[in-house]
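Report on the structure given below.
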Amino acid sequence: MMPIKVVIVGAGIVGSSIARVLSMYEDFDVTLVEKEPDVGWGSSKANTAIIHPGHEEEPDVHPLRARLCREGNILWRQWTRELSIPVKWPGELMVFFNEEEEKNAKKYIELAKLNKIPGVRVVYRNELLQMDPSINPSALGAIYAPTAGTISSFEAVIAIVENAVENGVKLLTEAEVRGVKVVDKKVKGVETTKGFIEADIVINAAGLYSDKISHMAGIDSGFVVRPRRGEYFLFDENVRVKPEKLLHTTPTPITKGVYAITTIHGNLMIGPTAEDLPMDAKDETSTSEKGLEYVWKESERLLKELPPRTKIIRTFAGLRPEPPGGHWRIEAYDDPWGFVNAAGIRSPGFTAAPAIAYYVLNLIKDKYGVSLVKKKHWNPYRSDIVRVKDKSLQEIDELIRKNPDYGEIICYCKTVSKAEVIEAIERMKKAGVKTITIDGIKFRTRAGLGMCQGSFCRWRIALLISQYTGVPLYQVVVKKDLYGVGEVKALLKS
Amino acid sequence: MLELNYDSVVIGAGPAGIAAAIRAKELGLKTVLVENRDLLGGIPLQCVHPGFGLHYFREDLTGTEFIYRFFDKMEKLGVEYLLKSHVHSIELVSHNEKIVNVITPQGVMRLNTKTLIYTAGARERHIFEINVVGDRPAGIYTAGEAQTLMDIYGIIPGKEIVIIGSGDVGLIMARRFALEGAKVKAVIELMHYPGGLTRNIVQCLQDYDIPLYLGHVVTRVVGKRRVEKVVVTKVDEKLKPIKGTEFEIPCDTVVLAAGLIPNLDMLEKIGLIIDPYTRGPIVNEFLETNIPGVFVAGNALVVNDLVDYVVEQGELAAEGAYYFVENDGIPTVDWKPIVRGRNIRFIVPHYVSGKRDVVLYARVQQPEKNVIVTIPEVGWKMKQFNVRPAEMIRVKLTKRLLERASSAEKISIEVIPGE
Ligand SMILES: Cc1cc2nc3c(=O)[nH]c(=O)nc-3n(C[C@H](O)[C@H](O)[C@H](O)COP(=O)(O)OP(=O)(O)OC[C@H]3O[C@@H](n4cnc5c(N)ncnc54)[C@H](O)[C@@H]3O)c2cc1C
Ligand SMILES: Cc1cc2nc3c(=O)[nH]c(=O)nc-3n(C[C@H](O)[C@H](O)[C@H](O)COP(=O)(O)OP(=O)(O)OC[C@H]3O[C@@H](n4cnc5c(N)ncnc54)[C@H](O)[C@@H]3O)c2cc1C
């Protein structure tokens, strides 16, 4: 049997989840194509990282979102275990402060019933403040949804891609898709900045740019994906305020509600805003004074107290890929035959991604008549980088006896060892990442995510990248550009 | 795991730690100096400019020359030290027993010690702490990072530079970039007066035609892949940005020299109390903190502009540790608080006994001309033509002088207009 050549455009959470699911079958030969130097640098990187229960989706308006959100929530419990993705399941509280908000919030209990989301109920002030003492005591109550979780979003994409590659998927980074080749109403492949890639099936999972890819295949020029910005503050681990549950304000027609959560890495995070940007501002991930101030004010309302501003370690913004009417566009087409959209996946897209992947698999099976033969040796597991930070002193001592690099700490704030940085470099190479970036190391090892934001360790990481890849130090890439512009002596001469 | 016993463990081998370890060894304490990096020396190592040691050695040395003098002394005395050794955690057992857990390439070490001298320096404020919004591209560095890249690893971060902060660090970095052929477009300073020494304004900016914008802030960084420009805004008297005064400076690099913050996370985890004005610990005249037997010196105590004072603090902390070991704790006395009077931003130490000579370090809140710095309780006065926040005031009070305040509840320091 000749495997079906599949190209997936976009290595965000959606594209990588699809790659993992397709890798379970003999039928497919999958190439995951990504324009950035690394996976997961689009919407999947900068978001609230909540695994939603599914009680906020209206089944009559957005049936697909309602169904796949619930299924995704369940699948994540298995996927995080198989792939060692950091996750926790504290449940969420939608907090209301007045009767109008209360009325609004109670709608979600009805939605929970319709969507079959378990355990959703109202809690009032006395119980609420015991459930989470970090809530502003003026709160009247909250809607509690016990099945909500939070995940490390960038580590999730990395883990899924590593596992997909382990199971035969090829990753091609720094390859931007510029065209979809269609002959006789059939998909033939994609034109990329790294050359032409032949394909029988092209799956569009390009997030914010999924409208463009869709247009390249000649589909519905009315389908446009608008960037909707969300801004956040992240605080140091050492602050007093540490919500136990995932807290948020009630959504209103204008705002989606602001969250205050303790991230999987132990930082207080507050945000986001929801601001529609011009259609062409698809890379406008800048922060704004106005947006950040709004987040601050809303969080002051939500929480008993906010940490002092001196404990802010980072501000950032992400862009939601907002499709018309909020409708996800997940379809397999007759014309062109072989083109599949997993496009405009706005929130709760992260939650739904594993379920979207199975949904896409079934679309392909039904539409293109694929037999789906399971691989005999498909490996569901992926182990995480061994981290000094998670180990006891005794265990650290044993690690060092085996490999002294565990005894050399590179990032002081997050206690990341040289061995972890080297392991991350090796994993990136193995996954098919061509340019080893400092940000890539940061997202894999957490080096640079602490209080000093990398001023003590960035150059040390750059030195290791230089040493292990042979790239001169100044040519090491930070994010999308070089760390330096040249050598001091060379510049003096010119 | 290796377990070892010490009288004193010194954490951080910058000038403060090195001076402390040397003094502790001279006093006969069993001491070890623990350093994160693969080199001893701290910040001065990467400072190729002069300005070090004018008080301590009465010579004008570069940072590297300054610190090398101490290496010779360390070697002669046989001061024990550990490199590439990261303090994982500190456990408090009793008032005179602490365990310092250290991760080293040789394995985990548990150092049991009576005293701890903490000299881990300060960290630099980064771009997210100074109210800058906009993009987060490549091309943003702290001064220390840029200096390390240029003077230890020989690479130049960028070609068109904007520096945030006009303290001595920012000024010296401006000259450093200019000397390498980079174009320094501007130094931006929030305050309405320069942060650094007048000498440095002349020698580092004016000599190289580098514009200095006082009363301005960088409010936004713009650039998708690399920094393309910064937006600069004027501020009013209250240091609030004035709408409508924004202008842009094209550049490819932003260097932050926006101040240092004592690096104390590790001690905060074991209950250290912080003075909000220094952002360092509250200490007595031995530089002992609220945690018995834990002493702090150098930039971890208070951000110093002169390395000479850092060394002095390191030596004092070692003397405190010696006194602590000798007496099974610092003997009980009536500590007198030292409080801030007019135009004083901070004062260190926070308590004195009146039983020995002490050195006080203070900074003023605002620049002022023709003033008198006074400590009324002891009748001490010093005429100053000029006081500036950039220059730390150092006052040595003898035991004799302090005896005059024996009945006073507190001792205060203030700056008053001169006649
Ligand atoms: C502020 C914010 C908060 C959110 N909070 C949550 C939440 O709490 N829970 C939740 O479930 N969801 C949340 N979401 C939604 C979630 O992040 C998205 O639904 C999800 O990340 C979309 O994944 P994706 O893979 O479709 O898109 P992306 O992650 O953007 O991936 C698309 C990829 O395609 C690549 N690409 C684009 N064009 C091309 C091309 N021409 N060639 C090659 N590659 C290309 C991009 O570089 C990118 O890597 C939030 C989103 C935002 C922005
Ligand atoms: C750009 C610049 C220019 C300067 N110019 C001058 C000048 O001209 N004249 C002058 O007198 N002064 C100058 N100074 C000031 C002077 O360098 C500092 O005051 C002095 O270095 C502070 O010494 P320190 O020992 O407290 O800290 P540092 O020098 O910062 O040393 C701290 C040491 O502790 C180590 N460390 C940190 N955390 C840990 C840990 N957890 N475990 C183990 N080790 C740890 C660090 O690696 C470092 O080696 C300048 C400073 C800068 C930044």
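Chain identifiers are assigned as A, B, and so on, following the order in which chains appear in the structure tokens; residues are numbered from 1 within each chain, and ligands are numbered from 1 in order of appearance.
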For this session: Could you give me, as a PyMOL selection string, each residue of region 92-226 of chain A that DSSP assigns to alpha helix (DSSP H) when run on this structure's backbone?
Result: chain A and resi 99-115+125-131+153-166+210-216
Take the residues from that selection and write them out as a tab-separated table (two decimals), in the first residue's frame, keeping N, CA and C atoms.
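The resulting result_5.tsv:
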chain	number	residue	atom	x	y	z
A	99	GLU	N	-26.06	41.30	41.39
A	99	GLU	CA	-27.16	40.43	40.95
A	99	GLU	C	-27.21	40.25	39.45
A	100	GLU	N	-26.86	41.30	38.76
A	100	GLU	CA	-26.87	41.19	37.30
A	100	GLU	C	-25.85	40.15	36.84
A	101	GLU	N	-24.65	40.24	37.42
A	101	GLU	CA	-23.62	39.25	37.07
A	101	GLU	C	-24.05	37.85	37.48
A	102	GLU	N	-24.75	37.79	38.62
A	102	GLU	CA	-25.19	36.49	39.11
A	102	GLU	C	-26.15	35.85	38.09
A	103	LYS	N	-27.08	36.69	37.63
A	103	LYS	CA	-28.06	36.19	36.66
A	103	LYS	C	-27.37	35.68	35.40
A	104	ASN	N	-26.45	36.49	34.95
A	104	ASN	CA	-25.67	36.15	33.77
A	104	ASN	C	-24.90	34.83	33.99
A	105	ALA	N	-24.27	34.72	35.16
A	105	ALA	CA	-23.44	33.54	35.44
A	105	ALA	C	-24.28	32.27	35.49
A	106	LYS	N	-25.49	32.40	36.02
A	106	LYS	CA	-26.30	31.19	36.20
A	106	LYS	C	-26.72	30.56	34.86
A	107	LYS	N	-26.68	31.35	33.79
A	107	LYS	CA	-26.94	30.79	32.46
A	107	LYS	C	-26.04	29.59	32.17
A	108	TYR	N	-24.84	29.65	32.74
A	108	TYR	CA	-23.85	28.62	32.41
A	108	TYR	C	-24.19	27.27	33.05
A	109	ILE	N	-25.03	27.32	34.07
A	109	ILE	CA	-25.48	26.05	34.64
A	109	ILE	C	-26.41	25.35	33.65
A	110	GLU	N	-27.24	26.17	33.01
A	110	GLU	CA	-28.13	25.61	31.98
A	110	GLU	C	-27.31	25.02	30.83
A	111	LEU	N	-26.30	25.77	30.43
A	111	LEU	CA	-25.45	25.28	29.34
A	111	LEU	C	-24.73	24.00	29.75
A	112	ALA	N	-24.32	23.93	31.01
A	112	ALA	CA	-23.64	22.72	31.49
A	112	ALA	C	-24.56	21.51	31.37
A	113	LYS	N	-25.84	21.73	31.69
A	113	LYS	CA	-26.80	20.62	31.57
A	113	LYS	C	-26.90	20.18	30.11
A	114	LEU	N	-27.08	21.17	29.23
A	114	LEU	CA	-27.23	20.86	27.81
A	114	LEU	C	-26.00	20.14	27.25
A	115	ASN	N	-24.82	20.59	27.68
A	115	ASN	CA	-23.58	20.02	27.13
A	115	ASN	C	-23.09	18.81	27.90
A	125	ARG	N	-20.94	33.06	48.95
A	125	ARG	CA	-19.78	33.71	49.54
A	125	ARG	C	-19.02	32.87	50.60
A	126	ASN	N	-19.77	32.37	51.60
A	126	ASN	CA	-19.08	31.67	52.69
A	126	ASN	C	-18.25	30.51	52.19
A	127	GLU	N	-18.87	29.71	51.37
A	127	GLU	CA	-18.17	28.54	50.83
A	127	GLU	C	-17.08	28.99	49.86
A	128	LEU	N	-17.44	29.98	49.07
A	128	LEU	CA	-16.51	30.48	48.04
A	128	LEU	C	-15.19	30.93	48.64
A	129	LEU	N	-15.27	31.73	49.72
A	129	LEU	CA	-14.04	32.29	50.29
A	129	LEU	C	-13.20	31.22	50.98
A	130	GLN	N	-13.85	30.12	51.34
A	130	GLN	CA	-13.06	29.00	51.87
A	130	GLN	C	-12.44	28.19	50.74
A	131	MET	N	-13.16	28.09	49.65
A	131	MET	CA	-12.63	27.37	48.49
A	131	MET	C	-11.39	28.05	47.95
A	153	SER	N	1.12	25.46	27.96
A	153	SER	CA	0.71	25.41	26.56
A	153	SER	C	1.87	25.20	25.60
A	154	PHE	N	3.00	25.89	25.84
A	154	PHE	CA	4.08	25.71	24.86
A	154	PHE	C	4.71	24.32	24.99
A	155	GLU	N	4.79	23.82	26.24
A	155	GLU	CA	5.35	22.47	26.41
A	155	GLU	C	4.44	21.42	25.79
A	156	ALA	N	3.12	21.68	25.78
A	156	ALA	CA	2.19	20.72	25.19
A	156	ALA	C	2.48	20.54	23.70
A	157	VAL	N	2.63	21.65	22.98
A	157	VAL	CA	2.89	21.54	21.54
A	157	VAL	C	4.22	20.80	21.31
A	158	ILE	N	5.23	21.17	22.08
A	158	ILE	CA	6.55	20.54	21.92
A	158	ILE	C	6.44	19.03	22.15
A	159	ALA	N	5.74	18.65	23.21
A	159	ALA	CA	5.62	17.22	23.54
A	159	ALA	C	4.89	16.47	22.44
A	160	ILE	N	3.82	17.05	21.94
A	160	ILE	CA	3.04	16.37	20.91
A	160	ILE	C	3.87	16.20	19.64
A	161	VAL	N	4.60	17.25	19.28
A	161	VAL	CA	5.42	17.15	18.06
A	161	VAL	C	6.52	16.11	18.25
A	162	GLU	N	7.16	16.11	19.41
A	162	GLU	CA	8.21	15.10	19.65
A	162	GLU	C	7.65	13.70	19.48
A	163	ASN	N	6.46	13.49	20.02
A	163	ASN	CA	5.83	12.17	19.94
A	163	ASN	C	5.43	11.84	18.50
A	164	ALA	N	4.92	12.82	17.78
A	164	ALA	CA	4.51	12.60	16.39
A	164	ALA	C	5.73	12.24	15.54
A	165	VAL	N	6.84	12.96	15.77
A	165	VAL	CA	8.07	12.67	15.01
A	165	VAL	C	8.58	11.27	15.33
A	166	GLU	N	8.53	10.93	16.60
A	166	GLU	CA	8.91	9.58	17.04
A	166	GLU	C	8.12	8.52	16.27
A	210	SER	N	-5.02	30.97	8.60
A	210	SER	CA	-5.74	29.88	7.96
A	210	SER	C	-6.70	30.39	6.89
A	211	ASP	N	-7.09	31.66	6.98
A	211	ASP	CA	-7.91	32.22	5.88
A	211	ASP	C	-7.08	32.30	4.60
A	212	LYS	N	-5.83	32.73	4.74
A	212	LYS	CA	-4.94	32.87	3.58
A	212	LYS	C	-4.73	31.51	2.89
A	213	ILE	N	-4.47	30.49	3.69
A	213	ILE	CA	-4.21	29.15	3.13
A	213	ILE	C	-5.48	28.66	2.43
A	214	SER	N	-6.61	28.92	3.07
A	214	SER	CA	-7.89	28.52	2.50
A	214	SER	C	-8.11	29.20	1.15
A	215	HIS	N	-7.77	30.49	1.10
A	215	HIS	CA	-7.91	31.21	-0.17
A	215	HIS	C	-6.97	30.64	-1.23
A	216	MET	N	-5.79	30.20	-0.79
A	216	MET	CA	-4.82	29.63	-1.75
A	216	MET	C	-5.40	28.40	-2.43
Exercise. Contacts of region 159-171 of chain B at 8 Å or less, counting only C-alpha atoms, minus same-chain residues fewer than 2 places along, as a PyMOL selection string?
Worked result: (chain A and resi 485) or (chain B and resi 143+156-157+173-175+177+181-190+194-197+200-201+204-205+212+217-218+250-259+305+390)
Export of prior selection with C-alpha atoms as an mmCIF file, in the first residue's frame:
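Wrote it out as again.cif, contents follow:
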data_model
loop_
_atom_site.group_PDB
_atom_site.id
_atom_site.type_symbol
_atom_site.label_atom_id
_atom_site.label_comp_id
_atom_site.auth_asym_id
_atom_site.auth_seq_id
_atom_site.Cartn_x
_atom_site.Cartn_y
_atom_site.Cartn_z
ATOM 1 C CA VAL A 485 25.860 41.801 15.187
ATOM 2 C CA ALA B 143 23.786 46.515 30.760
ATOM 3 C CA ILE B 156 28.944 43.343 19.960
ATOM 4 C CA PRO B 157 25.189 43.302 20.579
ATOM 5 C CA MET B 173 28.055 51.509 28.744
ATOM 6 C CA ALA B 174 27.359 54.425 26.396
ATOM 7 C CA ARG B 175 31.065 55.147 26.135
ATOM 8 C CA PHE B 177 29.571 51.149 22.785
ATOM 9 C CA GLY B 181 32.173 52.055 16.790
ATOM 10 C CA ALA B 182 28.489 51.669 17.602
ATOM 11 C CA LYS B 183 26.264 54.736 17.332
ATOM 12 C CA VAL B 184 24.742 55.621 20.679
ATOM 13 C CA LYS B 185 21.567 57.472 19.707
ATOM 14 C CA ALA B 186 20.546 58.583 23.182
ATOM 15 C CA VAL B 187 20.663 58.036 26.896
ATOM 16 C CA ILE B 188 17.160 58.363 28.362
ATOM 17 C CA GLU B 189 16.710 59.332 32.003
ATOM 18 C CA LEU B 190 13.419 59.430 33.874
ATOM 19 C CA PRO B 194 21.421 62.819 35.720
ATOM 20 C CA GLY B 195 21.876 59.636 37.701
ATOM 21 C CA GLY B 196 25.646 59.390 37.377
ATOM 22 C CA LEU B 197 28.677 61.375 38.376
ATOM 23 C CA ASN B 200 31.055 60.492 33.793
ATOM 24 C CA ILE B 201 28.567 62.792 32.041
ATOM 25 C CA CYS B 204 31.259 59.283 28.674
ATOM 26 C CA LEU B 205 28.624 61.397 26.911
ATOM 27 C CA LEU B 212 21.133 62.832 27.153
ATOM 28 C CA VAL B 217 11.084 57.745 29.520
ATOM 29 C CA VAL B 218 11.003 55.028 26.940
ATOM 30 C CA PRO B 250 15.212 54.552 15.427
ATOM 31 C CA CYS B 251 17.678 52.007 16.836
ATOM 32 C CA ASP B 252 18.413 48.293 16.753
ATOM 33 C CA THR B 253 19.353 47.854 20.385
ATOM 34 C CA VAL B 254 17.986 48.870 23.768
ATOM 35 C CA VAL B 255 20.274 48.602 26.771
ATOM 36 C CA LEU B 256 18.732 48.726 30.203
ATOM 37 C CA ALA B 257 20.711 50.402 32.927
ATOM 38 C CA ALA B 258 17.607 51.124 34.956
ATOM 39 C CA GLY B 259 18.872 50.181 38.342
ATOM 40 C CA ASP B 305 28.219 52.849 43.486
ATOM 41 C CA ALA B 390 23.870 59.107 42.730
#
For this session: List every residue of region 81-223 of chain A that DSSP, applied to the backbone of this structure, places in strand (DSSP E or B), and write the result as number ranges by chain.
Result: A: 87-88, 92-96, 121-124, 135, 141-145, 149-151, 170-172, 177-183, 186-192, 195-198, 201-204
With ligand 1 as the partner and 7 Å as the cut-off, tabulate the residues of chain A that qualify, each row holding the nearest pair of atoms and their distance in Å to one decimal, using only C-alpha atoms and all ligand atoms, sorted by chain and rising number, as JSON lines.
{"residue": "A:Val9", "atom": "CA", "partner": "ligand 1", "partner_atom_place_in_ligand_line": "43 (C)", "distance": 5.2}
{"residue": "A:Gly10", "atom": "CA", "partner": "ligand 1", "partner_atom_place_in_ligand_line": "34 (O)", "distance": 3.1}
{"residue": "A:Ala11", "atom": "CA", "partner": "ligand 1", "partner_atom_place_in_ligand_line": "49 (O)", "distance": 4.8}
{"residue": "A:Gly12", "atom": "CA", "partner": "ligand 1", "partner_atom_place_in_ligand_line": "31 (O)", "distance": 3.3}
{"residue": "A:Ile13", "atom": "CA", "partner": "ligand 1", "partner_atom_place_in_ligand_line": "25 (O)", "distance": 4.1}
{"residue": "A:Val14", "atom": "CA", "partner": "ligand 1", "partner_atom_place_in_ligand_line": "25 (O)", "distance": 3.8}
{"residue": "A:Gly15", "atom": "CA", "partner": "ligand 1", "partner_atom_place_in_ligand_line": "25 (O)", "distance": 5.4}
{"residue": "A:Val33", "atom": "CA", "partner": "ligand 1", "partner_atom_place_in_ligand_line": "43 (C)", "distance": 5.5}
{"residue": "A:Glu34", "atom": "CA", "partner": "ligand 1", "partner_atom_place_in_ligand_line": "44 (N)", "distance": 3.8}
{"residue": "A:Lys35", "atom": "CA", "partner": "ligand 1", "partner_atom_place_in_ligand_line": "43 (C)", "distance": 4.0}
{"residue": "A:Glu36", "atom": "CA", "partner": "ligand 1", "partner_atom_place_in_ligand_line": "47 (O)", "distance": 5.3}
{"residue": "A:Val39", "atom": "CA", "partner": "ligand 1", "partner_atom_place_in_ligand_line": "49 (O)", "distance": 5.9}
{"residue": "A:Gly40", "atom": "CA", "partner": "ligand 1", "partner_atom_place_in_ligand_line": "49 (O)", "distance": 5.0}
{"residue": "A:Trp41", "atom": "CA", "partner": "ligand 1", "partner_atom_place_in_ligand_line": "49 (O)", "distance": 5.1}
{"residue": "A:Gly42", "atom": "CA", "partner": "ligand 1", "partner_atom_place_in_ligand_line": "30 (O)", "distance": 3.7}
{"residue": "A:Ser43", "atom": "CA", "partner": "ligand 1", "partner_atom_place_in_ligand_line": "30 (O)", "distance": 3.8}
{"residue": "A:Ser44", "atom": "CA", "partner": "ligand 1", "partner_atom_place_in_ligand_line": "21 (O)", "distance": 3.4}
{"residue": "A:Lys45", "atom": "CA", "partner": "ligand 1", "partner_atom_place_in_ligand_line": "29 (O)", "distance": 6.6}
{"residue": "A:Ala46", "atom": "CA", "partner": "ligand 1", "partner_atom_place_in_ligand_line": "53 (C)", "distance": 6.2}
{"residue": "A:Asn47", "atom": "CA", "partner": "ligand 1", "partner_atom_place_in_ligand_line": "3 (C)", "distance": 3.6}
{"residue": "A:Thr48", "atom": "CA", "partner": "ligand 1", "partner_atom_place_in_ligand_line": "8 (O)", "distance": 3.9}
{"residue": "A:Ala49", "atom": "CA", "partner": "ligand 1", "partner_atom_place_in_ligand_line": "8 (O)", "distance": 4.2}
{"residue": "A:Ile50", "atom": "CA", "partner": "ligand 1", "partner_atom_place_in_ligand_line": "8 (O)", "distance": 3.7}
{"residue": "A:Ile51", "atom": "CA", "partner": "ligand 1", "partner_atom_place_in_ligand_line": "11 (O)", "distance": 5.5}
{"residue": "A:His52", "atom": "CA", "partner": "ligand 1", "partner_atom_place_in_ligand_line": "11 (O)", "distance": 6.0}
{"residue": "A:Ala175", "atom": "CA", "partner": "ligand 1", "partner_atom_place_in_ligand_line": "43 (C)", "distance": 5.9}
{"residue": "A:Glu176", "atom": "CA", "partner": "ligand 1", "partner_atom_place_in_ligand_line": "42 (N)", "distance": 3.6}
{"residue": "A:Val177", "atom": "CA", "partner": "ligand 1", "partner_atom_place_in_ligand_line": "42 (N)", "distance": 3.8}
{"residue": "A:Arg178", "atom": "CA", "partner": "ligand 1", "partner_atom_place_in_ligand_line": "41 (N)", "distance": 5.9}
{"residue": "A:Ala205", "atom": "CA", "partner": "ligand 1", "partner_atom_place_in_ligand_line": "26 (O)", "distance": 5.4}
{"residue": "A:Ala206", "atom": "CA", "partner": "ligand 1", "partner_atom_place_in_ligand_line": "34 (O)", "distance": 3.5}
{"residue": "A:Gly207", "atom": "CA", "partner": "ligand 1", "partner_atom_place_in_ligand_line": "27 (O)", "distance": 3.5}
{"residue": "A:Leu208", "atom": "CA", "partner": "ligand 1", "partner_atom_place_in_ligand_line": "30 (O)", "distance": 5.6}
{"residue": "A:Tyr209", "atom": "CA", "partner": "ligand 1", "partner_atom_place_in_ligand_line": "38 (N)", "distance": 4.7}
{"residue": "A:Ser210", "atom": "CA", "partner": "ligand 1", "partner_atom_place_in_ligand_line": "38 (N)", "distance": 6.6}
{"residue": "A:Ile213", "atom": "CA", "partner": "ligand 1", "partner_atom_place_in_ligand_line": "41 (N)", "distance": 6.5}
{"residue": "A:Arg228", "atom": "CA", "partner": "ligand 1", "partner_atom_place_in_ligand_line": "53 (C)", "distance": 6.9}
{"residue": "A:Arg229", "atom": "CA", "partner": "ligand 1", "partner_atom_place_in_ligand_line": "1 (C)", "distance": 6.1}
{"residue": "A:Gly230", "atom": "CA", "partner": "ligand 1", "partner_atom_place_in_ligand_line": "1 (C)", "distance": 3.9}
{"residue": "A:Glu231", "atom": "CA", "partner": "ligand 1", "partner_atom_place_in_ligand_line": "1 (C)", "distance": 6.6}
{"residue": "A:Pro272", "atom": "CA", "partner": "ligand 1", "partner_atom_place_in_ligand_line": "1 (C)", "distance": 5.7}
{"residue": "A:Ala317", "atom": "CA", "partner": "ligand 1", "partner_atom_place_in_ligand_line": "1 (C)", "distance": 6.7}
{"residue": "A:Gly318", "atom": "CA", "partner": "ligand 1", "partner_atom_place_in_ligand_line": "53 (C)", "distance": 4.4}
{"residue": "A:Leu319", "atom": "CA", "partner": "ligand 1", "partner_atom_place_in_ligand_line": "53 (C)", "distance": 3.9}
{"residue": "A:Arg320", "atom": "CA", "partner": "ligand 1", "partner_atom_place_in_ligand_line": "53 (C)", "distance": 3.5}
{"residue": "A:Pro321", "atom": "CA", "partner": "ligand 1", "partner_atom_place_in_ligand_line": "19 (O)", "distance": 6.9}
{"residue": "A:Ala343", "atom": "CA", "partner": "ligand 1", "partner_atom_place_in_ligand_line": "26 (O)", "distance": 6.5}
{"residue": "A:Gly344", "atom": "CA", "partner": "ligand 1", "partner_atom_place_in_ligand_line": "26 (O)", "distance": 6.6}
{"residue": "A:Ile345", "atom": "CA", "partner": "ligand 1", "partner_atom_place_in_ligand_line": "19 (O)", "distance": 4.7}
{"residue": "A:Arg346", "atom": "CA", "partner": "ligand 1", "partner_atom_place_in_ligand_line": "19 (O)", "distance": 3.9}
{"residue": "A:Ser347", "atom": "CA", "partner": "ligand 1", "partner_atom_place_in_ligand_line": "15 (C)", "distance": 3.6}
{"residue": "A:Pro348", "atom": "CA", "partner": "ligand 1", "partner_atom_place_in_ligand_line": "11 (O)", "distance": 3.4}
{"residue": "A:Gly349", "atom": "CA", "partner": "ligand 1", "partner_atom_place_in_ligand_line": "19 (O)", "distance": 3.2}
{"residue": "A:Phe350", "atom": "CA", "partner": "ligand 1", "partner_atom_place_in_ligand_line": "11 (O)", "distance": 3.5}
{"residue": "A:Thr351", "atom": "CA", "partner": "ligand 1", "partner_atom_place_in_ligand_line": "11 (O)", "distance": 3.7}
{"residue": "A:Ala352", "atom": "CA", "partner": "ligand 1", "partner_atom_place_in_ligand_line": "11 (O)", "distance": 6.4}
Emit the selected residues as a short mmCIF file (atom, residue, chain, number, x, y, z; two decimals), in the first residue's frame, including C-alpha atoms.
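The result, written out as result19.cif:
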data_model
loop_
_atom_site.label_atom_id
_atom_site.label_comp_id
_atom_site.auth_asym_id
_atom_site.auth_seq_id
_atom_site.Cartn_x
_atom_site.Cartn_y
_atom_site.Cartn_z
CA VAL A 9 0.18 23.53 7.42
CA GLY A 10 0.97 25.00 10.84
CA ALA A 11 2.57 23.41 13.89
CA GLY A 12 0.33 24.98 16.52
CA ILE A 13 -1.69 22.90 18.93
CA VAL A 14 -4.20 22.02 16.22
CA GLY A 15 -1.71 21.02 13.51
CA VAL A 33 5.12 22.39 7.81
CA GLU A 34 5.76 25.46 9.95
CA LYS A 35 6.90 28.93 8.93
CA GLU A 36 8.60 29.80 12.21
CA VAL A 39 6.75 24.76 16.80
CA GLY A 40 3.98 26.42 18.78
CA TRP A 41 4.98 30.06 18.33
CA GLY A 42 1.55 31.22 17.14
CA SER A 43 -1.65 31.55 19.19
CA SER A 44 -0.78 28.33 20.98
CA LYS A 45 2.07 30.00 22.86
CA ALA A 46 0.50 33.07 24.44
CA ASN A 47 -2.91 32.23 25.88
CA THR A 48 -4.58 31.55 29.22
CA ALA A 49 -3.86 27.82 28.89
CA ILE A 50 -7.12 26.74 30.46
CA ILE A 51 -8.54 23.33 29.64
CA HIS A 52 -12.15 24.47 29.64
CA ALA A 175 9.02 26.77 5.54
CA GLU A 176 6.20 29.18 4.84
CA VAL A 177 3.43 27.86 2.64
CA ARG A 178 2.92 30.35 -0.22
CA ALA A 205 -4.14 24.41 10.54
CA ALA A 206 -2.51 27.80 10.08
CA GLY A 207 -4.35 29.58 12.88
CA LEU A 208 -4.44 33.32 12.23
CA TYR A 209 -3.32 32.71 8.66
CA SER A 210 -5.74 29.88 7.96
CA ILE A 213 -4.21 29.15 3.13
CA ARG A 228 -8.26 39.46 18.59
CA ARG A 229 -5.63 40.49 21.08
CA GLY A 230 -5.33 39.39 24.69
CA GLU A 231 -2.84 40.99 27.09
CA PRO A 272 -6.53 38.68 29.09
CA ALA A 317 0.03 39.55 24.44
CA GLY A 318 -1.37 36.81 22.25
CA LEU A 319 -3.70 36.88 19.24
CA ARG A 320 -6.83 34.78 18.95
CA PRO A 321 -7.68 33.61 15.44
CA ALA A 343 -9.26 26.81 10.28
CA GLY A 344 -10.18 29.75 12.47
CA ILE A 345 -9.78 27.73 15.64
CA ARG A 346 -10.43 30.37 18.26
CA SER A 347 -10.99 29.64 21.96
CA PRO A 348 -11.58 27.00 23.32
CA GLY A 349 -9.28 25.71 20.59
CA PHE A 350 -6.52 24.62 22.89
CA THR A 351 -8.92 22.53 24.91
CA ALA A 352 -10.53 21.02 21.85
#
For this session: Residues within 7 Å of ligand 2 should be enumerated using only C-alpha atoms and all ligand atoms and returned as an NGL selection string.
Result: (:A and (412)) or (:B and (11-17 or 34-37 or 40-44 or 47 or 49-53 or 63 or 85-87 or 119-122 or 143-144 or 168-169 or 172-173 or 297-300 or 303-308 or 310))
